[in-house]
Each structure stands twice: as C-alpha cells, then as structure tokens.
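Raw contents of protein-v9.txt, compact mmCIF, C-alpha atoms and all ligand atoms:
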# COMPACT_ATOMS: atom_id res chain seq x y z
CA MET A 1 68.79 -79.00 113.94
CA ASP A 2 65.83 -79.60 116.29
CA SER A 3 64.98 -83.16 117.30
CA ASP A 4 61.79 -83.41 115.17
CA ASN A 5 63.73 -82.35 112.10
CA LYS A 6 66.46 -84.86 112.92
CA LYS A 7 63.93 -87.68 113.36
CA GLN A 8 62.39 -86.86 109.99
CA ILE A 9 65.79 -86.96 108.24
CA ILE A 10 66.64 -90.28 109.92
CA ASN A 11 63.28 -91.76 108.80
CA GLU A 12 63.90 -90.59 105.26
CA ILE A 13 67.40 -92.07 105.28
CA GLU A 14 65.90 -95.44 106.31
CA LYS A 15 63.32 -95.22 103.53
CA TRP A 16 65.73 -94.23 100.73
CA LYS A 17 68.34 -96.73 101.87
CA LYS A 18 65.89 -99.55 101.16
CA GLU A 19 64.41 -97.95 98.07
CA ASN A 20 67.79 -97.36 96.39
CA ASP A 21 69.57 -100.43 97.82
CA PHE A 22 72.23 -98.59 99.85
CA VAL A 23 74.41 -99.66 102.76
CA ILE A 24 76.01 -96.92 104.87
CA LEU A 25 79.60 -97.30 106.11
CA ALA A 26 81.01 -94.72 108.54
CA HIS A 27 84.35 -94.07 110.19
CA TYR A 28 84.64 -93.41 113.94
CA TYR A 29 85.75 -89.82 113.26
CA VAL A 30 82.49 -88.67 111.67
CA ASP A 31 79.87 -86.96 113.78
CA GLY A 32 78.04 -89.19 116.31
CA ASP A 33 74.67 -88.51 114.61
CA VAL A 34 76.03 -90.02 111.39
CA GLN A 35 77.64 -92.98 113.19
CA ALA A 36 74.25 -93.66 114.78
CA ILE A 37 72.47 -94.16 111.42
CA ALA A 38 75.28 -96.13 109.75
CA ASP A 39 74.96 -99.87 109.09
CA TYR A 40 78.63 -100.43 109.84
CA VAL A 41 81.04 -98.20 111.77
CA GLY A 42 84.70 -98.99 112.19
CA ASP A 43 88.36 -98.25 111.70
CA SER A 44 89.93 -98.12 108.24
CA PHE A 45 90.78 -101.84 108.17
CA TYR A 46 87.34 -103.00 109.26
CA LEU A 47 85.64 -100.71 106.73
CA ALA A 48 87.84 -101.98 103.88
CA LYS A 49 87.03 -105.59 104.82
CA ILE A 50 83.31 -105.11 105.39
CA ALA A 51 83.00 -103.33 102.03
CA THR A 52 83.88 -106.66 100.38
CA LYS A 53 81.07 -108.48 102.20
CA VAL A 54 78.02 -106.24 101.91
CA GLU A 55 75.15 -107.38 99.69
CA GLN A 56 73.72 -104.03 98.62
CA GLU A 57 74.56 -102.72 95.19
CA ASN A 58 75.37 -99.21 96.44
CA ILE A 59 77.75 -98.15 99.22
CA LEU A 60 77.48 -94.71 100.81
CA PHE A 61 80.76 -93.81 102.48
CA ALA A 62 80.67 -91.44 105.44
CA GLY A 63 84.38 -90.76 105.61
CA VAL A 64 87.17 -89.27 103.50
CA SER A 65 88.10 -89.91 99.84
CA PHE A 66 90.74 -92.59 100.31
CA MET A 67 88.20 -94.77 102.14
CA GLY A 68 85.69 -94.55 99.29
CA GLU A 69 88.44 -95.26 96.77
CA SER A 70 89.56 -98.35 98.71
CA ALA A 71 85.97 -99.63 98.83
CA LYS A 72 85.67 -99.16 95.06
CA LEU A 73 89.03 -100.81 94.33
CA LEU A 74 88.06 -103.86 96.37
CA ASN A 75 84.55 -104.02 94.85
CA PRO A 76 84.78 -102.98 91.21
CA LYS A 77 81.20 -104.08 90.49
CA LYS A 78 79.60 -101.99 93.28
CA HIS A 79 78.72 -98.32 93.09
CA VAL A 80 80.46 -96.33 95.83
CA TYR A 81 79.30 -92.82 96.69
CA MET A 82 80.82 -90.26 99.03
CA ALA A 83 78.53 -88.36 101.42
CA ASP A 84 80.70 -85.33 100.58
CA ASN A 85 83.27 -85.68 97.82
CA THR A 86 85.30 -82.73 99.12
CA ALA A 87 86.04 -84.61 102.38
CA ASP A 88 89.66 -85.53 101.77
CA CYS A 89 92.61 -86.46 103.98
CA PRO A 90 95.55 -84.04 103.47
CA MET A 91 98.02 -86.78 104.41
CA ALA A 92 96.86 -88.81 101.40
CA HIS A 93 98.60 -86.25 99.15
CA MET A 94 101.90 -85.99 101.02
CA VAL A 95 103.97 -88.28 98.84
CA ASP A 96 104.42 -88.23 95.07
CA ILE A 97 105.12 -90.94 92.53
CA ASP A 98 108.57 -89.56 91.62
CA LYS A 99 109.74 -90.00 95.22
CA ILE A 100 108.57 -93.63 95.19
CA LEU A 101 110.32 -94.34 91.90
CA GLU A 102 113.51 -92.70 93.23
CA VAL A 103 113.56 -94.97 96.31
CA LYS A 104 112.78 -98.07 94.21
CA GLU A 105 115.72 -97.19 91.98
CA LYS A 106 118.10 -96.61 94.90
CA TYR A 107 117.34 -99.74 96.97
CA ASP A 108 117.33 -103.38 96.02
CA ASP A 109 115.04 -105.70 97.90
CA VAL A 110 112.61 -102.90 98.84
CA ALA A 111 108.85 -103.03 99.44
CA VAL A 112 106.77 -99.86 99.18
CA VAL A 113 104.43 -100.03 102.17
CA CYS A 114 101.58 -97.62 101.76
CA TYR A 115 99.38 -96.47 104.64
CA VAL A 116 95.79 -96.65 103.33
CA ASN A 117 95.59 -92.89 103.95
CA SER A 118 96.92 -92.26 100.44
CA THR A 119 95.44 -91.68 96.98
CA ALA A 120 94.58 -94.53 94.61
CA GLU A 121 97.31 -93.23 92.29
CA ILE A 122 99.92 -93.73 95.04
CA LYS A 123 98.52 -97.19 95.81
CA SER A 124 98.96 -98.09 92.14
CA VAL A 125 102.77 -97.90 92.51
CA SER A 126 102.90 -99.48 95.99
CA ASP A 127 103.47 -103.12 96.95
CA VAL A 128 101.24 -103.46 99.98
CA CYS A 129 98.88 -101.30 102.01
CA VAL A 130 98.64 -101.17 105.79
CA THR A 131 96.31 -99.57 108.29
CA SER A 132 97.14 -98.50 111.82
CA SER A 133 95.63 -101.74 113.15
CA ASN A 134 97.67 -104.15 111.03
CA ALA A 135 100.93 -102.38 110.02
CA THR A 136 103.13 -104.43 112.37
CA LYS A 137 101.64 -107.76 111.30
CA VAL A 138 101.75 -106.95 107.59
CA VAL A 139 105.34 -105.63 107.66
CA LYS A 140 106.48 -108.75 109.59
CA ASN A 141 105.02 -110.86 106.78
CA ILE A 142 106.78 -109.00 103.96
CA LYS A 143 109.74 -110.86 102.47
CA GLU A 144 111.79 -107.76 101.48
CA LYS A 145 114.39 -106.47 103.93
CA ASN A 146 113.97 -102.75 103.09
CA ILE A 147 110.66 -101.04 103.78
CA PHE A 148 109.81 -97.66 102.25
CA PHE A 149 106.98 -96.57 104.52
CA ILE A 150 104.71 -93.87 103.04
CA PRO A 151 103.29 -91.34 103.73
CA ASP A 152 102.99 -91.17 107.56
CA ASN A 153 106.25 -90.64 109.38
CA ASN A 154 104.79 -91.29 112.85
CA LEU A 155 103.09 -94.58 112.01
CA GLY A 156 106.23 -95.60 110.10
CA ARG A 157 108.51 -94.93 113.08
CA TYR A 158 106.12 -96.66 115.48
CA THR A 159 105.94 -99.73 113.20
CA ALA A 160 109.73 -99.80 112.77
CA LYS A 161 110.12 -100.19 116.54
CA GLN A 162 107.86 -103.26 116.49
CA VAL A 163 109.74 -104.82 113.56
CA PRO A 164 113.45 -104.15 114.28
CA GLU A 165 114.58 -106.85 111.85
CA LYS A 166 113.60 -104.65 108.86
CA ASN A 167 115.41 -101.60 107.51
CA PHE A 168 112.95 -98.70 107.26
CA ILE A 169 113.14 -95.70 104.96
CA PHE A 170 110.71 -93.07 106.21
CA HIS A 171 108.76 -90.35 104.48
CA ASP A 172 107.76 -87.01 106.04
CA GLY A 173 103.93 -87.17 105.84
CA PHE A 174 101.78 -86.53 108.89
CA CYS A 175 98.21 -86.10 110.12
CA HIS A 176 97.72 -82.50 111.21
CA VAL A 177 95.07 -83.55 113.76
CA HIS A 178 97.32 -86.02 115.57
CA LYS A 179 100.38 -83.78 115.20
CA SER A 180 98.53 -81.04 117.09
CA ILE A 181 98.16 -83.27 120.17
CA ASP A 182 100.80 -81.75 122.40
CA ARG A 183 102.95 -83.73 124.86
CA GLU A 184 102.76 -81.01 127.53
CA LEU A 185 98.95 -80.97 127.35
CA VAL A 186 98.85 -84.76 127.64
CA LYS A 187 101.04 -84.52 130.76
CA GLN A 188 98.82 -81.81 132.21
CA ALA A 189 95.73 -83.94 131.55
CA ARG A 190 97.37 -86.80 133.46
CA GLU A 191 98.28 -84.47 136.37
CA VAL A 192 94.61 -83.51 136.67
CA ASN A 193 93.56 -87.21 136.50
CA PRO A 194 96.51 -89.29 137.72
CA ASP A 195 94.44 -92.49 137.65
CA ALA A 196 93.52 -92.11 133.96
CA LEU A 197 95.14 -94.31 131.30
CA ILE A 198 96.52 -92.59 128.19
CA LEU A 199 95.31 -94.20 124.95
CA ALA A 200 96.93 -92.95 121.74
CA HIS A 201 96.67 -93.46 117.99
CA PRO A 202 100.00 -94.27 116.27
CA GLU A 203 99.60 -91.19 114.05
CA CYS A 204 100.56 -89.18 117.19
CA THR A 205 104.12 -87.91 117.45
CA GLU A 206 106.75 -90.08 119.13
CA ASP A 207 106.95 -87.84 122.22
CA VAL A 208 103.20 -88.35 122.83
CA LEU A 209 103.38 -92.10 122.15
CA GLU A 210 106.10 -92.36 124.84
CA LEU A 211 103.51 -91.30 127.42
CA ALA A 212 100.84 -93.75 126.26
CA ASP A 213 99.63 -96.77 128.24
CA TYR A 214 98.14 -98.20 125.06
CA ILE A 215 98.68 -97.47 121.35
CA GLY A 216 96.23 -98.64 118.69
CA SER A 217 93.85 -97.85 115.84
CA THR A 218 90.46 -96.31 116.58
CA SER A 219 88.78 -99.73 116.94
CA GLN A 220 91.62 -101.04 119.07
CA ILE A 221 91.39 -98.00 121.38
CA ILE A 222 87.63 -98.58 121.78
CA ASP A 223 88.14 -102.31 122.45
CA PHE A 224 90.92 -101.61 124.96
CA ALA A 225 88.89 -99.03 126.91
CA THR A 226 85.83 -101.31 126.89
CA ALA A 227 87.75 -104.33 128.21
CA SER A 228 89.75 -102.33 130.77
CA ASP A 229 88.95 -102.22 134.51
CA ALA A 230 90.12 -98.60 134.58
CA LYS A 231 87.40 -95.94 134.76
CA LYS A 232 89.17 -92.91 133.28
CA PHE A 233 91.00 -92.46 129.98
CA ILE A 234 92.84 -89.63 128.25
CA ILE A 235 92.18 -90.03 124.53
CA CYS A 236 94.86 -88.98 122.04
CA THR A 237 93.04 -89.19 118.73
CA GLU A 238 90.24 -87.45 116.83
CA MET A 239 87.21 -86.54 118.95
CA GLY A 240 84.62 -88.45 116.84
CA ILE A 241 85.75 -91.57 118.70
CA PHE A 242 84.12 -90.24 121.91
CA TYR A 243 80.69 -91.19 120.52
CA GLU A 244 81.37 -94.95 120.41
CA LEU A 245 83.51 -94.86 123.57
CA GLY A 246 80.51 -93.34 125.37
CA GLN A 247 77.99 -95.75 123.80
CA LYS A 248 79.98 -98.78 124.90
CA ASN A 249 81.10 -97.41 128.28
CA PRO A 250 78.46 -95.18 129.85
CA ASP A 251 80.05 -95.63 133.28
CA LYS A 252 83.58 -94.55 132.24
CA LYS A 253 85.07 -91.10 131.74
CA PHE A 254 86.96 -90.02 128.63
CA TYR A 255 89.03 -86.85 128.47
CA SER A 256 90.36 -85.02 125.43
CA VAL A 257 93.66 -83.15 125.28
CA GLY A 258 92.82 -79.56 124.32
CA HIS A 259 90.41 -78.50 121.63
CA ARG A 260 92.28 -79.33 118.40
CA GLN A 261 91.48 -83.05 118.13
CA PHE A 262 89.16 -82.24 115.29
CA CYS A 263 89.40 -83.42 111.66
CA PRO A 264 87.59 -80.76 109.58
CA ASN A 265 87.25 -83.15 106.64
CA MET A 266 85.57 -85.92 108.61
CA LYS A 267 83.26 -83.32 110.13
CA LYS A 268 81.98 -82.28 106.69
CA ILE A 269 79.72 -85.34 106.75
CA THR A 270 76.20 -84.52 107.96
CA LEU A 271 72.87 -86.36 108.07
CA GLU A 272 71.51 -83.96 105.45
CA LYS A 273 74.33 -84.80 103.03
CA VAL A 274 73.86 -88.54 103.59
CA LEU A 275 70.16 -88.22 102.78
CA ASP A 276 70.83 -86.05 99.77
CA VAL A 277 73.17 -88.62 98.19
CA ILE A 278 71.14 -91.76 98.87
CA LYS A 279 67.97 -90.08 97.62
CA ASN A 280 69.53 -88.76 94.40
CA PRO A 281 72.80 -90.68 94.02
CA LYS A 282 75.69 -88.40 93.00
CA ASP A 283 79.42 -88.07 93.62
CA GLU A 284 80.09 -91.67 92.65
CA VAL A 285 83.71 -92.77 93.07
CA ILE A 286 85.00 -93.35 89.53
CA LEU A 287 88.57 -94.49 88.93
CA SER A 288 90.32 -95.00 85.59
CA ASP A 289 90.63 -98.54 84.18
CA GLU A 290 94.39 -98.36 84.67
CA ILE A 291 94.08 -97.44 88.36
CA MET A 292 91.37 -100.09 88.89
CA LYS A 293 93.77 -102.72 87.53
CA THR A 294 96.80 -101.68 89.61
CA ALA A 295 95.75 -99.93 92.84
CA ASN A 296 93.67 -102.87 94.10
CA LYS A 297 96.73 -105.12 94.30
CA PRO A 298 98.37 -103.61 97.42
CA LEU A 299 94.97 -103.59 99.15
CA GLU A 300 94.39 -107.26 98.35
CA MET A 301 97.92 -108.04 99.47
CA MET A 302 97.15 -106.31 102.79
CA LEU A 303 94.01 -108.41 103.29
CA LYS A 304 96.11 -111.54 102.65
CA LEU A 305 99.09 -110.63 104.86
CA ALA A 306 96.91 -109.34 107.71
CA GLU A 307 94.93 -112.60 107.97
P1 LIG B 1 91.98 -95.90 111.89
O1 LIG B 1 90.51 -95.82 112.01
O2 LIG B 1 92.38 -96.98 110.97
O3 LIG B 1 92.63 -95.98 113.20
O4 LIG B 1 92.46 -94.57 111.11
C1 LIG B 1 92.63 -93.34 111.57
C2 LIG B 1 92.53 -92.29 110.55
O5 LIG B 1 93.19 -91.29 110.60
C3 LIG B 1 91.59 -92.42 109.50
O6 LIG B 1 91.60 -91.25 108.81
FE1 LIG B 2 93.50 -87.60 107.56
FE2 LIG B 2 94.15 -87.10 110.07
FE3 LIG B 2 91.69 -86.54 109.24
FE4 LIG B 2 92.49 -89.11 109.52
S1 LIG B 2 92.24 -87.58 111.13
S2 LIG B 2 91.36 -88.22 107.80
S3 LIG B 2 94.63 -88.92 108.93
S4 LIG B 2 93.58 -85.60 108.53
Please lay out the structure from this file as structure tokens.
Ligand code: 13P
Ligand code: SF4
Amino acid sequence: MDSDNKKQIINEIEKWKKENDFVILAHYYVDGDVQAIADYVGDSFYLAKIATKVEQENILFAGVSFMGESAKLLNPKKHVYMADNTADCPMAHMVDIDKILEVKEKYDDVAVVCYVNSTAEIKSVSDVCVTSSNATKVVKNIKEKNIFFIPDNNLGRYTAKQVPEKNFIFHDGFCHVHKSIDRELVKQAREVNPDALILAHPECTEDVLELADYIGSTSQIIDFATASDAKKFIICTEMGIFYELGQKNPDKKFYSVGHRQFCPNMKKITLEKVLDVIKNPKDEVILSDEIMKTANKPLEMMLKLAE
C-alpha cells in the first residue's frame, strides 16, 4: 500500500470510529500499522481490563477470537466486533470439555485454571482464568491445592515453578509460534551479541526459558526493555512486539531469533479490514445465553484475584 493510500484509510478510520461510536483495541502481535491507529494496545490482561472501562458502545478487536470473546463476556451490553473473524488462536482449541470433567472427577480439591487463550466454551467449565502476566499471582491466591492448568503446557510448567506449594496437573497444549523458537538459535544469537539480554515469553519451551534473563508477558517484556540500562535485547516472542519496543526505545537494538516468530492469525488483521468493519459493522461476537452466564465467571474471578 502506498503512503497516500494508507493516509486515506487512516483518515477514514478516524471518521467512521466517531460516526459509529467505536473504540479500537489491539494486541501487540498485530501489524505495527494497526497498532498505530488503535486507541488501546496491550497484552491480553490489559485488553481484558480496558474493555470493561471504555465508554463507546462498540468495540473493534484487532486480535484473535478468544480476545473478542473475553471482551464480550466482560461487557455483555457492548457490541464487540472482530477485525477478521477467522483470526483464531490454535492453542485455544487444544483442550476439550471431557478432559476437564475427567480431571475434576479424579481429583478432590482441584481448581481448573484456564489460560485466557481458550474458547468461551472451555472457560464456561473452568474456575479461574489467567494470563501470562498474572498466572503466578492468581494461582497463589487460589484456595485449592490441586491445579489443573489448561491448555498451555509451557506456561503451566513455568507457573508451577513459581508456586511450588501447589500440585499441578498439566495439559499438552502449546503455541506453535513460541514452540518454534529454538534454543540453539537463541544461543547463536547471544554468541553474535554477547552483551544482549534475552527476554522471553512464558509460552516458550522450558529449554529456551532457561536461557532467559527476563520472562514476562508482552507488556512486561516492553516495560522491562524500556526500564533497562542495557542497549541490546534478543526477543523470544512474536515479532509484532518489535513495533512498540522500537517506538518506546529508538536508541536500543532488538534482535529476533530466526524467521518463524510470526503468528499468521494475528497477521490477518489489516487497516483495510479494520475500516471495513467499523464502516459497515459485521462479524459481531455473539455467544449463547448459557455461555454468557457461565464463561464470564472465571474471567471475573481472575480480575478479582489479580488485583
Ligand atoms: P500476552 O500479550 O498476554 O503476553 O499474550 C501472548 C499471546 O500469545 C496472545 O495471543
Ligand atoms: Fe495463539 Fe501463539 Fe498466535 Fe498467541 S502467538 S495467538 S498463543 S498462536
């Protein structure tokens, strides 16, 4: 897209946002051009919280399905629209209800702790949600001894290390983007830049996390790099984060680890699609009455326990 065309689309987005009373929320993994026009950009926890505070009647979500569903569950009266309703997180589908019921049957004193990267249906049978920025705090505040952590195995194992007093039962879900970040490539990146700090998302595999100088959610990685005196960083998460890292730290250098740090679903979101939806609202997030009544509870519990 040439720059005149881009400017025109951005102007139109501004116009239709006001006209149709929209606020735009975007995740750090979407394209930088989309982050630049969003009203709020953040990690999953921030976006879930801010969705409860916005005044506009309509929310346009530039992210994947589970994020739009969470915004709807927390704000039943608002209309939530996806910029692209095919943008979905594969990890969100990696656990099924039967497995959850089986574990609940087998263990007494168990809490089903559900990473927000899961469908609304899965949330409806869970006790509490977590995000990568609050999992440790939330799990510490849970009264049950046994924790069935779904669906992400890597975040579950990382959290278990921070909360050794709990007994964790893990599931085998994963994020294909973070799983593809290879320990050997991280080591090679450090050999090329020995003075660079390694910052990793807890969805990375354990062998990558062992090399990290700092582990955190997307927002936490950005905050850490911004506050740090270091000048170089090797970033082990999805590449969309480089936009905000660069905006906040023009004097620092950020390196990726190979070319696979790319979430194809997040990258489906474009300026054209954002404009299309806010001009002629479509792809509204609609959940059944039953799901609306049940799946909001673990999200609200998360907001309470993460305070
Ligand atoms: P956070 O922004 O919460 O770190 O989440 C990462 C992620 O994979 C979202 O899809
Ligand atoms: Fe899902 Fe991974 Fe993409 Fe996040 S980066 S939306 S966890 S596939």
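Taking CA of Glu165 in chain A and atom O4 of ligand LIG 1 (chain B) as the two end points, the separation is 25.3 Å.
Shortest separation to Tyr243 in chain A among A:Val130, A:Leu25, A:Ile169, A:Ala36 occurs at residue A:Ala36, atoms counted being only C-alpha atoms.
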Residues of chain A at most 9 Å from ligand LIG 1 (chain B): nearest atom pair and distance in Å, all atoms listed in the file, as a Markdown table:
| residue | atom | partner | partner_atom | distance |
| --- | --- | --- | --- | --- |
| A:His27 | CA | B:LIG1 | O1 | 6.7 |
| A:Tyr28 | CA | B:LIG1 | O1 | 6.6 |
| A:Tyr29 | CA | B:LIG1 | C3 | 7.4 |
| A:Gly42 | CA | B:LIG1 | O1 | 6.6 |
| A:Asp43 | CA | B:LIG1 | O1 | 3.3 |
| A:Ser44 | CA | B:LIG1 | O2 | 3.8 |
| A:Phe45 | CA | B:LIG1 | O2 | 5.8 |
| A:Tyr46 | CA | B:LIG1 | O2 | 8.0 |
| A:Leu47 | CA | B:LIG1 | O1 | 8.7 |
| A:Gly63 | CA | B:LIG1 | O6 | 7.9 |
| A:Val64 | CA | B:LIG1 | O6 | 7.2 |
| A:Phe66 | CA | B:LIG1 | O6 | 8.6 |
| A:Met67 | CA | B:LIG1 | O6 | 8.3 |
| A:Cys89 | CA | B:LIG1 | O6 | 6.9 |
| A:Met91 | CA | B:LIG1 | O6 | 9.0 |
| A:Val116 | CA | B:LIG1 | O2 | 8.4 |
| A:Asn117 | CA | B:LIG1 | O6 | 6.5 |
| A:Thr131 | CA | B:LIG1 | O2 | 5.4 |
| A:Ser132 | CA | B:LIG1 | O2 | 5.1 |
| A:Ser133 | CA | B:LIG1 | O2 | 6.2 |
| A:Asn134 | CA | B:LIG1 | O2 | 8.9 |
| A:Cys175 | CA | B:LIG1 | O5 | 7.2 |
| A:Val177 | CA | B:LIG1 | O5 | 8.6 |
| A:His178 | CA | B:LIG1 | O5 | 8.3 |
| A:His201 | CA | B:LIG1 | O3 | 6.8 |
| A:Pro202 | CA | B:LIG1 | O3 | 8.2 |
| A:Glu203 | CA | B:LIG1 | O5 | 7.3 |
| A:Gly216 | CA | B:LIG1 | O3 | 7.1 |
| A:Ser217 | CA | B:LIG1 | O3 | 3.5 |
| A:Thr218 | CA | B:LIG1 | O3 | 4.0 |
| A:Ser219 | CA | B:LIG1 | O1 | 6.5 |
| A:Gln220 | CA | B:LIG1 | O3 | 7.8 |
| A:Ile221 | CA | B:LIG1 | O3 | 8.5 |
| A:Thr237 | CA | B:LIG1 | C1 | 8.3 |
| A:Glu238 | CA | B:LIG1 | O5 | 7.9 |
| A:Cys263 | CA | B:LIG1 | O6 | 8.6 |
| A:Met266 | CA | B:LIG1 | O6 | 8.1 |
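Computed from the coordinates, the CA of Val277 in chain A to CA of Phe242 in chain A distance equals 26.2 Å.
Across the model, the gap from CA of Tyr158 in chain A to CA of Ala227 in chain A is 23.6 Å.
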